[in-house]
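Here is structure28.pdb, consisting of PDB, C-alpha atoms:
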```pdb
ATOM      1  CA  MET A   1     -12.375   2.168  -9.352
ATOM      2  CA  ALA A   2      -9.360  -0.108  -9.506
ATOM      3  CA  ARG A   3      -8.356  -3.448  -8.085
ATOM      4  CA  ILE A   4      -5.290  -2.734  -5.978
ATOM      5  CA  GLY A   5      -2.872  -5.057  -4.264
ATOM      6  CA  PHE A   6      -1.471  -3.493  -1.079
ATOM      7  CA  ILE A   7       1.552  -5.063   0.607
ATOM      8  CA  GLY A   8       2.749  -3.776   3.992
ATOM      9  CA  LEU A   9       0.094  -2.748   6.506
ATOM     10  CA  GLY A  10       2.200  -1.206   9.275
ATOM     11  CA  ASN A  11       1.626   2.147  10.975
ATOM     12  CA  MET A  12       1.674   3.942   7.619
ATOM     13  CA  GLY A  13       0.455   1.280   5.214
ATOM     14  CA  GLY A  14      -2.607   0.369   7.245
ATOM     15  CA  GLY A  15      -4.058   3.862   7.023
ATOM     16  CA  MET A  16      -3.123   4.192   3.354
ATOM     17  CA  ALA A  17      -4.831   0.935   2.387
ATOM     18  CA  ALA A  18      -7.893   1.927   4.404
ATOM     19  CA  ASN A  19      -8.165   5.203   2.497
ATOM     20  CA  LEU A  20      -8.018   3.399  -0.847
ATOM     21  CA  ALA A  21     -10.874   1.169   0.317
ATOM     22  CA  LYS A  22     -12.844   4.237   1.449
ATOM     23  CA  LYS A  23     -12.464   5.660  -2.048
ATOM     24  CA  GLY A  24     -14.168   2.565  -3.428
ATOM     25  CA  HIS A  25     -11.164   0.608  -4.671
ATOM     26  CA  ASP A  26     -11.079  -3.191  -4.419
ATOM     27  CA  VAL A  27      -8.066  -3.545  -2.108
ATOM     28  CA  ARG A  28      -6.433  -6.956  -1.665
ATOM     29  CA  ALA A  29      -4.148  -6.505   1.344
ATOM     30  CA  PHE A  30      -1.235  -8.552   2.682
ATOM     31  CA  ASP A  31       1.004  -8.293   5.728
ATOM     32  CA  LEU A  32       2.896 -10.787   7.866
ATOM     33  CA  SER A  33       0.961  -9.532  10.923
ATOM     34  CA  ALA A  34      -2.409 -11.157  11.570
ATOM     35  CA  ASP A  35      -3.440  -8.136  13.622
ATOM     36  CA  ALA A  36      -2.657  -5.817  10.714
ATOM     37  CA  LEU A  37      -4.745  -8.002   8.409
ATOM     38  CA  ASP A  38      -7.657  -7.898  10.839
ATOM     39  CA  LYS A  39      -7.504  -4.104  10.933
ATOM     40  CA  ALA A  40      -7.356  -3.952   7.145
ATOM     41  CA  LYS A  41     -10.428  -6.179   6.905
ATOM     42  CA  ALA A  42     -12.315  -3.937   9.328
ATOM     43  CA  ALA A  43     -11.368  -0.977   7.132
ATOM     44  CA  GLY A  44     -12.898  -2.546   4.039
ATOM     45  CA  CYS A  45      -9.911  -4.364   2.521
ATOM     46  CA  LEU A  46      -9.836  -8.043   1.588
ATOM     47  CA  PRO A  47      -7.007  -9.839   3.447
ATOM     48  CA  VAL A  48      -5.032 -12.348   1.368
ATOM     49  CA  ALA A  49      -2.418 -14.949   2.230
ATOM     50  CA  SER A  50       0.611 -13.690   0.292
ATOM     51  CA  ALA A  51       2.128 -10.783  -1.602
ATOM     52  CA  ALA A  52       1.709 -12.744  -4.826
ATOM     53  CA  GLU A  53      -2.005 -13.229  -4.148
ATOM     54  CA  ALA A  54      -2.394  -9.495  -3.511
ATOM     55  CA  ALA A  55      -0.724  -8.693  -6.839
ATOM     56  CA  ASP A  56      -2.439 -11.369  -8.930
ATOM     57  CA  GLY A  57      -4.958  -9.640 -11.203
ATOM     58  CA  ALA A  58      -4.348  -6.202  -9.702
ATOM     59  CA  GLU A  59      -4.331  -3.057 -11.834
ATOM     60  CA  ALA A  60      -1.921  -1.467  -9.366
ATOM     61  CA  VAL A  61       0.309  -2.830  -6.604
ATOM     62  CA  VAL A  62       1.306  -0.578  -3.713
ATOM     63  CA  THR A  63       4.141  -1.578  -1.388
ATOM     64  CA  MET A  64       4.961   0.036   1.963
ATOM     65  CA  LEU A  65       7.886  -1.905   3.422
ATOM     66  CA  PRO A  66      10.704  -1.336   5.944
ATOM     67  CA  ALA A  67      13.807  -1.303   3.726
ATOM     68  CA  GLY A  68      15.220  -1.762   0.249
ATOM     69  CA  LYS A  69      15.963  -5.460   0.734
ATOM     70  CA  HIS A  70      12.298  -6.120   1.532
ATOM     71  CA  VAL A  71      11.160  -4.240  -1.565
ATOM     72  CA  ALA A  72      13.571  -6.206  -3.760
ATOM     73  CA  GLU A  73      12.398  -9.524  -2.281
ATOM     74  CA  VAL A  74       8.709  -8.696  -2.726
ATOM     75  CA  TYR A  75       9.219  -7.430  -6.269
ATOM     76  CA  ASP A  76      10.781 -10.773  -7.218
ATOM     77  CA  ALA A  77       7.472 -12.386  -6.221
ATOM     78  CA  LEU A  78       5.400  -9.713  -7.957
ATOM     79  CA  PHE A  79       7.195 -10.132 -11.268
ATOM     80  CA  VAL A  80       5.842 -13.693 -11.537
ATOM     81  CA  VAL A  81       2.173 -12.779 -11.201
ATOM     82  CA  ALA A  82       1.704  -9.072 -11.998
ATOM     83  CA  ALA A  83      -0.277  -8.310 -15.128
ATOM     84  CA  PRO A  84       1.671  -6.488 -17.870
ATOM     85  CA  SER A  85      -0.769  -3.596 -17.539
ATOM     86  CA  ALA A  86      -0.192  -3.211 -13.776
ATOM     87  CA  ILE A  87       1.562  -0.178 -12.295
ATOM     88  CA  LEU A  88       3.931  -0.934  -9.396
ATOM     89  CA  ILE A  89       4.009   1.836  -6.787
ATOM     90  CA  ASP A  90       6.565   1.581  -4.001
ATOM     91  CA  CYS A  91       5.828   4.016  -1.164
ATOM     92  CA  SER A  92       8.583   2.707   1.109
ATOM     93  CA  THR A  93      11.533   4.908   2.041
ATOM     94  CA  ILE A  94      14.578   3.110   0.665
ATOM     95  CA  ASP A  95      17.967   3.885  -0.854
ATOM     96  CA  VAL A  96      18.068   5.497  -4.286
ATOM     97  CA  ALA A  97      20.143   2.687  -5.812
ATOM     98  CA  THR A  98      17.615  -0.009  -4.914
ATOM     99  CA  ALA A  99      14.743   2.137  -6.171
ATOM    100  CA  LYS A 100      16.468   2.410  -9.538
ATOM    101  CA  GLU A 101      17.351  -1.291  -9.591
ATOM    102  CA  VAL A 102      13.823  -2.563  -8.934
ATOM    103  CA  ALA A 103      12.397  -0.140 -11.504
ATOM    104  CA  ALA A 104      14.888  -1.397 -14.092
ATOM    105  CA  ALA A 105      14.064  -5.002 -13.209
ATOM    106  CA  ALA A 106      10.365  -4.230 -13.593
ATOM    107  CA  GLN A 107      10.992  -2.666 -16.995
ATOM    108  CA  ALA A 108      12.916  -5.755 -18.080
ATOM    109  CA  LYS A 109       9.797  -7.787 -17.234
ATOM    110  CA  GLY A 110       7.593  -5.449 -19.267
ATOM    111  CA  LEU A 111       6.209  -3.715 -16.167
ATOM    112  CA  VAL A 112       6.134  -0.071 -15.103
ATOM    113  CA  ALA A 113       7.262   1.021 -11.616
ATOM    114  CA  VAL A 114       7.532   4.264  -9.670
ATOM    115  CA  ASP A 115       9.086   5.118  -6.328
ATOM    116  CA  ALA A 116       6.647   7.258  -4.334
ATOM    117  CA  PRO A 117       7.828   7.796  -0.738
ATOM    118  CA  VAL A 118       5.643   9.874   1.538
ATOM    119  CA  SER A 119       5.783  12.774   3.949
ATOM    120  CA  GLY A 120       3.284  13.477   6.699
ATOM    121  CA  GLY A 121       3.535  10.685   9.253
ATOM    122  CA  ILE A 122       0.922   8.365  10.727
ATOM    123  CA  GLY A 123      -1.662  11.100  11.207
ATOM    124  CA  ALA A 124      -1.550  12.067   7.531
ATOM    125  CA  ALA A 125      -1.590   8.404   6.470
ATOM    126  CA  ASN A 126      -4.788   7.886   8.438
ATOM    127  CA  ALA A 127      -6.344  11.154   7.290
ATOM    128  CA  GLY A 128      -5.418  10.718   3.641
ATOM    129  CA  THR A 129      -3.351  13.919   3.582
ATOM    130  CA  LEU A 130       0.092  12.564   2.717
ATOM    131  CA  THR A 131       2.495  14.203   0.288
ATOM    132  CA  PHE A 132       3.910  11.842  -2.341
ATOM    133  CA  MET A 133       7.188  12.575  -4.118
ATOM    134  CA  VAL A 134       7.299  10.392  -7.211
ATOM    135  CA  GLY A 135      10.175   9.070  -9.285
ATOM    136  CA  GLY A 136       9.455   7.565 -12.706
ATOM    137  CA  SER A 137       8.686   8.383 -16.305
ATOM    138  CA  ALA A 138       5.999  10.925 -17.161
ATOM    139  CA  GLU A 139       3.763   8.108 -18.394
ATOM    140  CA  ALA A 140       4.266   6.101 -15.191
ATOM    141  CA  PHE A 141       3.551   9.178 -13.077
ATOM    142  CA  ASP A 142       0.297   9.785 -14.936
ATOM    143  CA  ARG A 143      -0.773   6.198 -14.290
ATOM    144  CA  ALA A 144       0.109   6.323 -10.590
ATOM    145  CA  GLN A 145      -1.145   9.831  -9.841
ATOM    146  CA  GLY A 146      -4.848   9.045  -9.413
ATOM    147  CA  ILE A 147      -4.215   6.180  -6.995
ATOM    148  CA  LEU A 148      -1.774   8.240  -4.949
ATOM    149  CA  ALA A 149      -4.195  11.172  -4.874
ATOM    150  CA  ASP A 150      -6.725   8.926  -3.134
ATOM    151  CA  MET A 151      -4.246   8.623  -0.249
ATOM    152  CA  GLY A 152      -2.862  12.152  -0.091
ATOM    153  CA  LYS A 153      -3.171  15.883  -0.536
ATOM    154  CA  ALA A 154      -0.217  16.384  -2.894
ATOM    155  CA  VAL A 155       1.349  14.180  -5.558
ATOM    156  CA  ILE A 156       4.512  15.685  -7.073
ATOM    157  CA  HIS A 157       6.626  14.329  -9.914
ATOM    158  CA  ALA A 158      10.236  14.609  -8.772
ATOM    159  CA  GLY A 159      11.870  13.163 -11.895
ATOM    160  CA  ALA A 160      13.099   9.798 -13.157
ATOM    161  CA  ASN A 161      13.111   6.584 -11.122
ATOM    162  CA  GLY A 162      14.971   7.164  -7.855
ATOM    163  CA  ALA A 163      14.150  10.883  -7.758
ATOM    164  CA  GLY A 164      11.296  10.324  -5.313
ATOM    165  CA  GLN A 165      13.653   8.653  -2.861
ATOM    166  CA  ALA A 166      16.241  11.385  -3.386
ATOM    167  CA  ALA A 167      13.662  14.042  -2.539
ATOM    168  CA  LYS A 168      12.502  12.121   0.537
ATOM    169  CA  ILE A 169      15.924  11.689   2.124
ATOM    170  CA  CYS A 170      16.869  15.319   1.435
ATOM    171  CA  ASN A 171      13.574  16.515   2.927
ATOM    172  CA  ASN A 172      13.967  14.386   6.037
ATOM    173  CA  MET A 173      17.557  15.471   6.530
ATOM    174  CA  ILE A 174      16.181  19.013   6.828
ATOM    175  CA  LEU A 175      13.480  17.815   9.205
ATOM    176  CA  GLY A 176      15.860  15.873  11.442
ATOM    177  CA  ALA A 177      18.290  18.773  11.766
ATOM    178  CA  THR A 178      15.639  21.473  12.254
ATOM    179  CA  MET A 179      13.898  19.470  14.958
ATOM    180  CA  ILE A 180      17.133  19.257  16.932
ATOM    181  CA  VAL A 181      17.831  22.997  16.695
ATOM    182  CA  THR A 182      14.173  23.743  17.538
ATOM    183  CA  CYS A 183      14.563  21.635  20.678
ATOM    184  CA  GLU A 184      17.838  23.406  21.473
ATOM    185  CA  ALA A 185      16.133  26.785  21.141
ATOM    186  CA  PHE A 186      13.279  25.838  23.501
ATOM    187  CA  VAL A 187      15.763  24.586  26.098
ATOM    188  CA  LEU A 188      17.948  27.689  25.779
ATOM    189  CA  ALA A 189      14.891  29.939  26.044
ATOM    190  CA  GLU A 190      13.882  28.102  29.208
ATOM    191  CA  LYS A 191      17.328  28.520  30.751
ATOM    192  CA  LEU A 192      17.233  32.207  29.875
ATOM    193  CA  GLY A 193      13.981  32.559  31.781
ATOM    194  CA  LEU A 194      11.676  32.901  28.762
ATOM    195  CA  ASP A 195       8.177  31.466  29.003
ATOM    196  CA  ALA A 196       7.840  28.632  26.486
ATOM    197  CA  GLN A 197       4.507  29.860  25.158
ATOM    198  CA  ALA A 198       5.813  33.395  24.776
ATOM    199  CA  PHE A 199       8.851  32.121  22.883
ATOM    200  CA  TYR A 200       6.636  30.002  20.633
ATOM    201  CA  ASP A 201       4.352  32.966  19.922
ATOM    202  CA  ILE A 202       7.377  35.014  18.860
ATOM    203  CA  ALA A 203       9.391  32.395  16.942
ATOM    204  CA  SER A 204       6.372  31.001  15.091
ATOM    205  CA  VAL A 205       5.831  34.357  13.351
ATOM    206  CA  SER A 206       9.489  35.346  13.065
ATOM    207  CA  SER A 207      12.486  34.286  11.008
ATOM    208  CA  GLY A 208      13.030  31.193  13.194
ATOM    209  CA  GLN A 209       9.710  29.726  12.087
ATOM    210  CA  SER A 210       9.771  26.164  10.731
ATOM    211  CA  TRP A 211       7.496  23.132  10.447
ATOM    212  CA  SER A 212       9.212  21.703  13.518
ATOM    213  CA  MET A 213       8.191  24.829  15.428
ATOM    214  CA  THR A 214       4.663  25.628  14.299
ATOM    215  CA  THR A 215       3.271  22.210  13.328
ATOM    216  CA  TYR A 216       5.259  19.815  15.512
ATOM    217  CA  ALA A 217       6.395  21.755  18.568
ATOM    218  CA  PRO A 218       8.429  19.412  20.802
ATOM    219  CA  LEU A 219       6.958  20.620  24.114
ATOM    220  CA  PRO A 220       3.521  19.637  25.479
ATOM    221  CA  GLY A 221       0.866  22.327  25.547
ATOM    222  CA  ILE A 222       2.631  24.448  22.944
ATOM    223  CA  GLY A 223       1.066  24.923  19.511
ATOM    224  CA  PRO A 224      -1.112  22.244  17.868
ATOM    225  CA  ASP A 225      -1.553  18.795  19.395
ATOM    226  CA  THR A 226       1.625  16.779  18.754
ATOM    227  CA  PRO A 227       3.238  13.592  20.132
ATOM    228  CA  ALA A 228       4.795  15.805  22.832
ATOM    229  CA  ASP A 229       1.261  16.104  24.258
ATOM    230  CA  HIS A 230       1.107  12.304  24.516
ATOM    231  CA  ASP A 231       4.444  11.624  26.197
ATOM    232  CA  TYR A 232       6.056  11.345  22.745
ATOM    233  CA  GLN A 233       4.062   8.265  21.793
ATOM    234  CA  GLY A 234       2.943   7.794  18.193
ATOM    235  CA  GLY A 235       4.037  10.158  15.464
ATOM    236  CA  PHE A 236       7.319   9.460  13.642
ATOM    237  CA  ALA A 237       9.595   7.165  15.615
ATOM    238  CA  ALA A 238      13.146   8.336  16.270
ATOM    239  CA  ALA A 239      14.365   5.012  14.863
ATOM    240  CA  LEU A 240      12.690   5.841  11.547
ATOM    241  CA  MET A 241      14.231   9.298  11.511
ATOM    242  CA  LEU A 242      17.597   7.649  12.105
ATOM    243  CA  LYS A 243      16.930   5.280   9.193
ATOM    244  CA  ASP A 244      16.244   8.235   6.873
ATOM    245  CA  LEU A 245      19.305  10.124   8.087
ATOM    246  CA  ARG A 246      21.477   7.061   7.502
ATOM    247  CA  LEU A 247      20.139   6.886   3.948
ATOM    248  CA  ALA A 248      20.955  10.571   3.494
ATOM    249  CA  MET A 249      24.478  10.111   4.848
ATOM    250  CA  ALA A 250      25.064   7.116   2.580
ATOM    251  CA  ALA A 251      23.883   9.158  -0.395
ATOM    252  CA  ALA A 252      26.124  12.055   0.644
ATOM    253  CA  LYS A 253      29.109   9.703   0.776
ATOM    254  CA  ASP A 254      28.295   8.217  -2.617
ATOM    255  CA  THR A 255      27.957  11.631  -4.257
ATOM    256  CA  GLY A 256      30.681  13.495  -2.356
ATOM    257  CA  ALA A 257      28.187  15.971  -0.899
ATOM    258  CA  ASP A 258      29.253  17.860   2.246
ATOM    259  CA  THR A 259      26.467  17.516   4.847
ATOM    260  CA  PRO A 260      27.951  18.393   8.263
ATOM    261  CA  MET A 261      24.636  19.378   9.874
ATOM    262  CA  GLY A 262      22.935  16.250   8.577
ATOM    263  CA  ALA A 263      25.823  14.168   9.892
ATOM    264  CA  LYS A 264      25.581  15.734  13.344
ATOM    265  CA  ALA A 265      21.820  15.144  13.406
ATOM    266  CA  ALA A 266      22.404  11.497  12.513
ATOM    267  CA  GLU A 267      24.903  11.194  15.375
ATOM    268  CA  ARG A 268      22.405  12.599  17.870
ATOM    269  CA  TYR A 269      19.605  10.278  16.773
ATOM    270  CA  GLU A 270      22.025   7.345  16.736
ATOM    271  CA  ALA A 271      22.870   7.990  20.400
ATOM    272  CA  PHE A 272      19.184   8.499  21.230
ATOM    273  CA  ALA A 273      18.222   5.164  19.668
ATOM    274  CA  GLU A 274      21.144   3.356  21.316
ATOM    275  CA  ALA A 275      19.866   4.648  24.658
ATOM    276  CA  GLY A 276      16.655   2.695  24.069
ATOM    277  CA  GLN A 277      14.537   5.663  22.958
ATOM    278  CA  GLY A 278      14.117   4.734  19.297
ATOM    279  CA  GLY A 279      10.429   3.914  19.722
ATOM    280  CA  LEU A 280       9.572   7.432  20.880
ATOM    281  CA  ASP A 281       8.624  10.190  18.495
ATOM    282  CA  PHE A 282      11.679  11.901  17.045
ATOM    283  CA  SER A 283      10.815  15.183  18.811
ATOM    284  CA  ALA A 284      11.561  13.411  22.102
ATOM    285  CA  ILE A 285      15.211  14.185  21.317
ATOM    286  CA  ILE A 286      14.539  17.271  23.470
ATOM    287  CA  ARG A 287      14.874  15.014  26.507
ATOM    288  CA  THR A 288      18.587  14.612  25.818
ATOM    289  CA  LEU A 289      18.993  18.391  25.860
ATOM    290  CA  ARG A 290      16.965  19.096  29.010
ATOM    291  CA  GLY A 291      18.886  16.536  31.059
TER
END
```
Would it be possible to restate this file's structure as structure tokens?
Amino acid sequence: MARIGFIGLGNMGGGMAANLAKKGHDVRAFDLSADALDKAKAAGCLPVASAAEAADGAEAVVTMLPAGKHVAEVYDALFVVAAPSAILIDCSTIDVATAKEVAAAAQAKGLVAVDAPVSGGIGAANAGTLTFMVGGSAEAFDRAQGILADMGKAVIHAGANGAGQAAKICNNMILGATMIVTCEAFVLAEKLGLDAQAFYDIASVSSGQSWSMTTYAPLPGIGPDTPADHDYQGGFAAALMLKDLRLAMAAAKDTGADTPMGAKAAERYEAFAEAGQGGLDFSAIIRTLRG
């Protein structure tokens, strides 16, 4: 078992750190929130007073932070104390450019870093069933794989540094757009007089099937239990979906990619968040369609 520094104990990071502790790792955890630290302690982690203290002496350092600027700031602190043998694993969802920059900065300090954003949401973070898409060298991936496997069900090497973030924003662009059209289809079916359950039973085994339909249906009482069954609380906040779509649109602009459906999805989530609904699960976008 390894000594692991874990920095960022929010809705996702808290469950991830807890799963590492359950697997027997010595987890030194840091967050700015005292409540998050208390929860980490109850889950078997050792709370510490700073990111540097979490990283000091660690064999691996996992970060789960809000944005690229936070990752860059924390890495500056890590570079001072991290052991040369440590592997730096950033599980945040950030822009590709920053992911590449911090990895290059780590290499210049004699350290190895990977970007390893996740898919699966809070439920998967708590259950240890996340999917990790990893950017870094083959050697770095091999070093990070075992630690990531203790937090997830799938760990996939996407390519060089930055490739994990590229895969994440492309994946979530699909998710954001398909959730909107899934919501549109349920509303149209309703207006056409179709029973929602009957439509679900048909679409979930037909060519319209998608993850947004069969795993995350946006109506309560339809399919598996989802945030829709809890008044759209929990799950993946619309504000976070908007963040990922903004990253995708910025990447599309930088590369000259034509992403009209992704752009329209970003517009809809932008309006939803501006209306004060950003804290709801992203499937709550159906409310804007039902009126």
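Contact shell of Gly162 (chain A) at 8 Å (all atoms listed in the file; same-chain neighbours under 4 positions omitted): A:Val96, A:Ala97, A:Ala99, A:Lys100, A:Asp115, A:Gly135, A:Gly136, A:Ala166.
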Give me the residues near Ser85 (chain A) as a tab-separated table (two decimals) with C-alpha atoms, in the frame of the given file, where near means some atom within 10 Å (using all atoms listed in the file) and where sequence neighbours in that chain fewer than 3 positions away do not count.
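Result file part-v7.tsv:
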```
chain	number	residue	atom	x	y	z
A	57	GLY	CA	-4.96	-9.64	-11.20
A	58	ALA	CA	-4.35	-6.20	-9.70
A	59	GLU	CA	-4.33	-3.06	-11.83
A	60	ALA	CA	-1.92	-1.47	-9.37
A	82	ALA	CA	1.70	-9.07	-12.00
A	88	LEU	CA	3.93	-0.93	-9.40
A	110	GLY	CA	7.59	-5.45	-19.27
A	111	LEU	CA	6.21	-3.72	-16.17
A	112	VAL	CA	6.13	-0.07	-15.10
```
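Among the candidate residues A:Tyr269, A:Ala263, A:Gly128, A:Phe6, the one lying nearest to Glu53 (chain A) is A:Phe6, with distances computed using all atoms listed in the file.
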Within 12 Å of (9.1, 23.1, 11.4) (file coordinates; all atoms listed in the file), which protein or nucleic acid residues are there? I'd like them as a ChimeraX atom specification.
/A:171-172,174-183,200,203-205,207-218,223,283
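When only C-alpha atoms are used to measure the gap to Asp142 (chain A), the shortest distance among A:Gly278, A:Ala124, A:Thr259, A:Ile87 belongs to A:Ile87.
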Evaluate the PyMOL selection byres ((chain A and resi 26) around 10) here and jot the selected residues down as an NGL selection string.
:A and (1-5 or 20-25 or 27-29 or 44-46 or 58)
For region 66-72 of chain A, find every residue with an atom within 10 Å (counting all atoms listed in the file), except residues of its own chain fewer than 6 positions away, and show them as number ranges by chain.
A: 7-8, 10, 78, 90-99, 101-103, 105, 240, 243
Would you export the selected residues with C-alpha atoms as a compact mmCIF listing (two decimals), keeping the file's coordinate frame, please?
```
# COMPACT_ATOMS: atom_id res chain seq x y z
CA ILE A 7 1.55 -5.06 0.61
CA GLY A 8 2.75 -3.78 3.99
CA GLY A 10 2.20 -1.21 9.28
CA LEU A 78 5.40 -9.71 -7.96
CA ASP A 90 6.56 1.58 -4.00
CA CYS A 91 5.83 4.02 -1.16
CA SER A 92 8.58 2.71 1.11
CA THR A 93 11.53 4.91 2.04
CA ILE A 94 14.58 3.11 0.66
CA ASP A 95 17.97 3.88 -0.85
CA VAL A 96 18.07 5.50 -4.29
CA ALA A 97 20.14 2.69 -5.81
CA THR A 98 17.61 -0.01 -4.91
CA ALA A 99 14.74 2.14 -6.17
CA GLU A 101 17.35 -1.29 -9.59
CA VAL A 102 13.82 -2.56 -8.93
CA ALA A 103 12.40 -0.14 -11.50
CA ALA A 105 14.06 -5.00 -13.21
CA LEU A 240 12.69 5.84 11.55
CA LYS A 243 16.93 5.28 9.19
```
